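Listing of model-v1.pdb; format and content: PDB, C-alpha atoms.
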ATOM      1  CA  MET A   1       0.000   0.000   0.000
ATOM      2  CA  ARG A   2       2.848   2.362   0.854
ATOM      3  CA  ASP A   3       4.426   1.859  -2.603
ATOM      4  CA  ARG A   4       1.122   2.632  -4.309
ATOM      5  CA  PHE A   5       0.853   5.843  -2.316
ATOM      6  CA  ALA A   6       4.398   6.884  -3.310
ATOM      7  CA  ILE A   7       3.737   6.039  -6.972
ATOM      8  CA  PHE A   8       0.520   8.079  -6.874
ATOM      9  CA  TRP A   9       2.325  11.136  -5.455
ATOM     10  CA  LEU A  10       5.151  10.874  -7.993
ATOM     11  CA  TYR A  11       2.598  10.605 -10.807
ATOM     12  CA  LEU A  12       0.695  13.598  -9.443
ATOM     13  CA  PHE A  13       3.943  15.537  -9.094
ATOM     14  CA  ASN A  14       5.234  14.786 -12.618
ATOM     15  CA  ARG A  15       1.911  15.195 -14.446
ATOM     16  CA  TRP A  16       0.282  18.047 -12.541
ATOM     17  CA  LEU A  17       2.365  19.875  -9.954
ATOM     18  CA  THR A  18       5.399  20.518 -12.174
ATOM     19  CA  PHE A  19       3.078  22.424 -14.512
ATOM     20  CA  ILE A  20       1.996  25.014 -11.936
ATOM     21  CA  PRO A  21       2.744  28.320 -13.743
ATOM     22  CA  PHE A  22       4.241  30.004 -10.653
ATOM     23  CA  HIS A  23       7.722  29.336  -9.300
ATOM     24  CA  ALA A  24       7.144  29.631  -5.527
ATOM     25  CA  PRO A  25       4.583  26.815  -5.054
ATOM     26  CA  ARG A  26       6.335  24.599  -7.589
ATOM     27  CA  LEU A  27       9.701  25.033  -5.823
ATOM     28  CA  TRP A  28       8.035  24.211  -2.503
ATOM     29  CA  PHE A  29       6.965  20.835  -3.939
ATOM     30  CA  TRP A  30      10.443  20.304  -5.400
ATOM     31  CA  ARG A  31      12.030  20.796  -1.961
ATOM     32  CA  LEU A  32       9.703  18.119  -0.558
ATOM     33  CA  MET A  33      10.479  15.616  -3.317
ATOM     34  CA  LEU A  34      14.227  15.878  -3.983
ATOM     35  CA  GLY A  35      17.021  14.380  -1.901
ATOM     36  CA  LYS A  36      18.668  17.823  -1.776
ATOM     37  CA  MET A  37      17.954  21.159  -3.418
ATOM     38  CA  GLY A  38      20.334  24.109  -3.153
ATOM     39  CA  ALA A  39      19.513  27.793  -2.920
ATOM     40  CA  ALA A  40      18.051  29.788  -5.810
ATOM     41  CA  ALA A  41      17.369  26.824  -8.067
ATOM     42  CA  SER A  42      15.368  27.633 -11.191
ATOM     43  CA  ILE A  43      13.186  24.738 -12.253
ATOM     44  CA  LEU A  44      10.877  25.517 -15.132
ATOM     45  CA  MET A  45       7.558  23.834 -15.872
ATOM     46  CA  GLY A  46       7.399  20.248 -17.062
ATOM     47  CA  VAL A  47      10.601  18.865 -15.557
ATOM     48  CA  GLU A  48      10.119  15.142 -14.857
ATOM     49  CA  VAL A  49      11.839  13.124 -12.151
ATOM     50  CA  ARG A  50      12.157   9.425 -11.398
ATOM     51  CA  ALA A  51      13.248   8.365  -7.893
ATOM     52  CA  PRO A  52      13.571  11.991  -6.721
ATOM     53  CA  HIS A  53      15.056  10.981  -3.335
ATOM     54  CA  ASN A  54      18.278  10.059  -5.241
ATOM     55  CA  ILE A  55      18.574  13.446  -6.952
ATOM     56  CA  GLU A  56      20.657  16.308  -5.533
ATOM     57  CA  LEU A  57      20.721  19.826  -6.984
ATOM     58  CA  GLY A  58      23.334  22.417  -6.030
ATOM     59  CA  ASP A  59      22.907  26.182  -5.728
ATOM     60  CA  HIS A  60      21.768  28.236  -8.736
ATOM     61  CA  VAL A  61      20.941  25.242 -10.935
ATOM     62  CA  VAL A  62      18.744  25.969 -13.963
ATOM     63  CA  LEU A  63      16.550  23.146 -15.253
ATOM     64  CA  ASN A  64      14.639  24.211 -18.351
ATOM     65  CA  ARG A  65      11.320  22.845 -19.671
ATOM     66  CA  GLY A  66      11.029  19.153 -20.359
ATOM     67  CA  VAL A  67      14.222  18.023 -18.623
ATOM     68  CA  LEU A  68      14.104  14.409 -17.401
ATOM     69  CA  LEU A  69      16.125  13.473 -14.293
ATOM     70  CA  ASP A  70      16.379   9.766 -13.463
ATOM     71  CA  GLY A  71      17.555   8.683 -10.018
ATOM     72  CA  ARG A  72      16.440   5.025 -10.197
ATOM     73  CA  GLY A  73      19.852   3.516 -10.950
ATOM     74  CA  GLY A  74      21.938   5.512  -8.490
ATOM     75  CA  ARG A  75      22.601   8.970  -7.150
ATOM     76  CA  LEU A  76      22.277  11.897  -9.598
ATOM     77  CA  ARG A  77      24.325  14.869  -8.364
ATOM     78  CA  ILE A  78      24.194  18.234 -10.114
ATOM     79  CA  GLY A  79      26.633  20.895  -8.860
ATOM     80  CA  ASN A  80      26.344  24.667  -8.505
ATOM     81  CA  ASN A  81      25.640  27.070 -11.397
ATOM     82  CA  VAL A  82      24.774  24.276 -13.813
ATOM     83  CA  ASP A  83      22.585  25.142 -16.815
ATOM     84  CA  ILE A  84      20.582  22.288 -18.353
ATOM     85  CA  ALA A  85      18.705  23.158 -21.550
ATOM     86  CA  GLN A  86      15.246  22.046 -22.649
ATOM     87  CA  GLU A  87      14.372  18.399 -23.225
ATOM     88  CA  THR A  88      17.647  17.016 -21.893
ATOM     89  CA  ALA A  89      17.533  13.485 -20.446
ATOM     90  CA  ILE A  90      19.911  12.373 -17.698
ATOM     91  CA  TRP A  91      19.709   8.634 -17.031
ATOM     92  CA  THR A  92      21.106   6.562 -14.158
ATOM     93  CA  LEU A  93      19.363   3.379 -15.332
ATOM     94  CA  GLU A  94      19.403   1.582 -18.696
ATOM     95  CA  HIS A  95      18.902  -1.909 -20.094
ATOM     96  CA  ASP A  96      21.913  -4.145 -20.608
ATOM     97  CA  VAL A  97      21.954  -4.783 -24.371
ATOM     98  CA  HIS A  98      24.039  -7.944 -23.865
ATOM     99  CA  ALA A  99      21.826  -9.521 -21.202
ATOM    100  CA  ASP A 100      19.606 -12.419 -22.251
ATOM    101  CA  ASP A 101      16.925 -11.268 -19.819
ATOM    102  CA  HIS A 102      16.999  -7.554 -20.838
ATOM    103  CA  ARG A 103      17.781  -6.600 -17.230
ATOM    104  CA  ALA A 104      18.340  -3.036 -16.130
ATOM    105  CA  VAL A 105      21.734  -1.822 -14.928
ATOM    106  CA  GLY A 106      22.397   1.426 -13.158
ATOM    107  CA  ALA A 107      25.229   3.733 -12.188
ATOM    108  CA  PRO A 108      25.420   7.206 -10.625
ATOM    109  CA  VAL A 109      25.813  10.393 -12.673
ATOM    110  CA  THR A 110      27.700  13.470 -11.481
ATOM    111  CA  ILE A 111      27.644  16.879 -13.134
ATOM    112  CA  ASP A 112      30.173  19.275 -11.615
ATOM    113  CA  ASP A 113      29.875  23.042 -11.068
ATOM    114  CA  TYR A 114      29.458  25.399 -14.052
ATOM    115  CA  ALA A 115      28.678  22.624 -16.536
ATOM    116  CA  TRP A 116      26.418  23.575 -19.412
ATOM    117  CA  ILE A 117      24.238  20.926 -21.035
ATOM    118  CA  GLY A 118      22.732  21.788 -24.438
ATOM    119  CA  HIS A 119      19.248  21.210 -25.838
ATOM    120  CA  ARG A 120      18.144  17.562 -26.166
ATOM    121  CA  ALA A 121      21.442  16.159 -24.926
ATOM    122  CA  ILE A 122      21.350  12.669 -23.439
ATOM    123  CA  ILE A 123      23.620  11.662 -20.565
ATOM    124  CA  LEU A 124      23.848   7.930 -19.869
ATOM    125  CA  PRO A 125      24.521   6.083 -16.572
ATOM    126  CA  GLY A 126      27.962   6.182 -14.980
ATOM    127  CA  VAL A 127      29.036   9.483 -16.578
ATOM    128  CA  HIS A 128      30.942  12.227 -14.752
ATOM    129  CA  ILE A 129      30.850  15.652 -16.385
ATOM    130  CA  GLY A 130      33.719  17.831 -15.192
ATOM    131  CA  ARG A 131      33.716  21.404 -13.908
ATOM    132  CA  GLY A 132      32.887  23.941 -16.620
ATOM    133  CA  ALA A 133      32.379  21.314 -19.333
ATOM    134  CA  VAL A 134      29.931  21.967 -22.172
ATOM    135  CA  VAL A 135      27.782  19.282 -23.787
ATOM    136  CA  ALA A 136      26.571  20.445 -27.208
ATOM    137  CA  ALA A 137      22.937  20.215 -28.266
ATOM    138  CA  GLY A 138      21.888  16.730 -29.308
ATOM    139  CA  ALA A 139      25.016  15.025 -27.972
ATOM    140  CA  VAL A 140      24.842  11.549 -26.446
ATOM    141  CA  VAL A 141      27.333  11.320 -23.589
ATOM    142  CA  THR A 142      28.480   7.757 -22.932
ATOM    143  CA  GLN A 143      31.839   8.475 -21.225
ATOM    144  CA  ASP A 144      33.244  10.951 -18.706
ATOM    145  CA  VAL A 145      33.802  14.527 -19.876
ATOM    146  CA  ALA A 146      36.950  16.328 -18.700
ATOM    147  CA  PRO A 147      36.731  19.735 -16.991
ATOM    148  CA  MET A 148      36.363  22.655 -19.444
ATOM    149  CA  ALA A 149      35.976  20.279 -22.431
ATOM    150  CA  ILE A 150      33.352  20.949 -25.098
ATOM    151  CA  VAL A 151      31.841  17.718 -26.417
ATOM    152  CA  GLY A 152      29.366  17.033 -29.187
ATOM    153  CA  GLY A 153      28.095  14.286 -31.449
ATOM    154  CA  VAL A 154      26.851  10.728 -31.136
ATOM    155  CA  PRO A 155      28.636   9.409 -29.197
ATOM    156  CA  ALA A 156      29.998  12.656 -27.762
ATOM    157  CA  LYS A 157      33.635  13.451 -28.498
ATOM    158  CA  VAL A 158      35.799  16.450 -27.594
ATOM    159  CA  ILE A 159      35.331  19.245 -30.154
ATOM    160  CA  GLY A 160      36.954  22.099 -28.226
ATOM    161  CA  GLN A 161      38.009  23.626 -24.927
ATOM    162  CA  ARG A 162      36.132  26.262 -22.943
ATOM    163  CA  ARG A 163      38.044  29.463 -22.178
ATOM    164  CA  SER A 164      35.965  31.066 -19.430
ATOM    165  CA  LYS A 165      36.858  32.079 -15.891
ATOM    166  CA  LEU A 166      33.462  30.749 -14.731
ATOM    167  CA  GLN A 167      32.613  33.725 -12.555
ATOM    168  CA  TYR A 168      28.865  33.849 -13.100
ATOM    169  CA  THR A 169      25.901  32.933 -10.931
ATOM    170  CA  LYS A 170      22.933  31.330 -12.685
ATOM    171  CA  PHE A 171      19.392  32.561 -12.051
ATOM    172  CA  HIS A 172      16.578  32.188 -14.573
ATOM    173  CA  ARG A 173      12.927  32.432 -13.595
ATOM    174  CA  PRO A 174      10.871  33.752 -16.487
ATOM    175  CA  TRP A 175       7.225  34.467 -15.750
ATOM    176  CA  PHE A 176       4.754  31.603 -16.246
ATOM    177  CA  GLN A 177       7.508  29.118 -17.086
TER     178      GLN A 177
END
Would it be possible to restate this file's structure as structure tokens?
Amino acid sequence: MRDRFAIFWLYLFNRWLTFIPFHAPRLWFWRLMLGKMGAAASILMGVEVRAPHNIELGDHVVLNRGVLLDGRGGRLRIGNNVDIAQETAIWTLEHDVHADDHRAVGAPVTIDDYAWIGHRAIILPGVHIGRGAVVAAGAVVTQDVAPMAIVGGVPAKVIGQRRSKLQYTKFHRPWFQ
């Protein structure tokens, strides 16, 4: 019975409460659901979570519309001043393509401070994205990304190096989003 109650609340949260068009009540629900949520997080409408108790957000994180955060396969840690663009999926659980029984395997994901994840990027289980790294739009990240590296493609490969002093603080709360 307890599991059914938890599943009901997660369904209600993902399908209804994350679409409240005002930041304050939505952020209140986020603080109740997540394992940890830092100060001044900006979480826009329509972000979906799975196993929210395994998800930790740092200070000044920006999660844009349609981001999917999966904590089912292990801890998902997102550092400070991280910007995650629309429709990005971050997975900690996937199916083992070599398993005869199609079983799921999981691993934690860590995204360090000042990382920037582009539109519709996909980050797979077991990945560590270094401080200040940039993941280009549409990239599929299957391996760790070094600090300050810019990666893109399928699978993601290094395409450049970031040359920023990383001295900004993220804050993005547009009205009715």
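Residue nearest A:Ala104, chosen from A:Asn81, A:Gln177, A:Thr92, A:Thr142 and counting all atoms listed in the file: A:Thr92.
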Axis-aligned box for stretch 46-53 of chain A, 5 Å per side, centre and edges in Å as JSON:
{"center_x": 11.2, "center_y": 14.3, "center_z": -10.2, "size_x": 17.7, "size_y": 21.9, "size_z": 23.7}
### Query
Could you state the separation of atom CA of A:Ala89 and atom CA of A:Gly74 in Å, given to one decimal place?
15.0 Å
### Task
For the point (6.5, 29.2, -15.2) in the file's frame, write as an MDAnalysis selection string all residues with an atom no more than 10 Å away, counting all atoms listed in the file.
chainID A and resid 18:24 26 42:46 65 173:177
#### Entry: Residues within 8 Å of (18.2, 26.3, -7.0), file coords, only C-alpha atoms, listed as a ChimeraX atom specification
/A:37-43,57-62
Contact table stretch 37-126 of chain A vs stretch 4-8 of chain A, cut-off 12 Å, shortest pair per residue, all atoms listed in the file, as JSON lines:
{"residue": "A:Val49", "atom": "CA", "partner": "A:Ile7", "partner_atom": "CA", "distance": 11.9}
{"residue": "A:Arg50", "atom": "CA", "partner": "A:Ile7", "partner_atom": "CA", "distance": 10.1}
{"residue": "A:Ala51", "atom": "CA", "partner": "A:Ile7", "partner_atom": "CA", "distance": 9.8}
{"residue": "A:Pro52", "atom": "CA", "partner": "A:Ala6", "partner_atom": "CA", "distance": 11.0}
{"residue": "A:His53", "atom": "CA", "partner": "A:Ala6", "partner_atom": "CA", "distance": 11.4}
### Task
Could you expand the PyMOL selection byres ((chain A and resi 34) around 12) into the explicit residues it covers here, written as JSON, numbers by chain?
{"A": [10, 13, 27, 28, 29, 30, 31, 32, 33, 35, 36, 37, 38, 48, 49, 50, 51, 52, 53, 54, 55, 56, 57, 58, 69, 70, 71, 75, 76, 77, 78]}
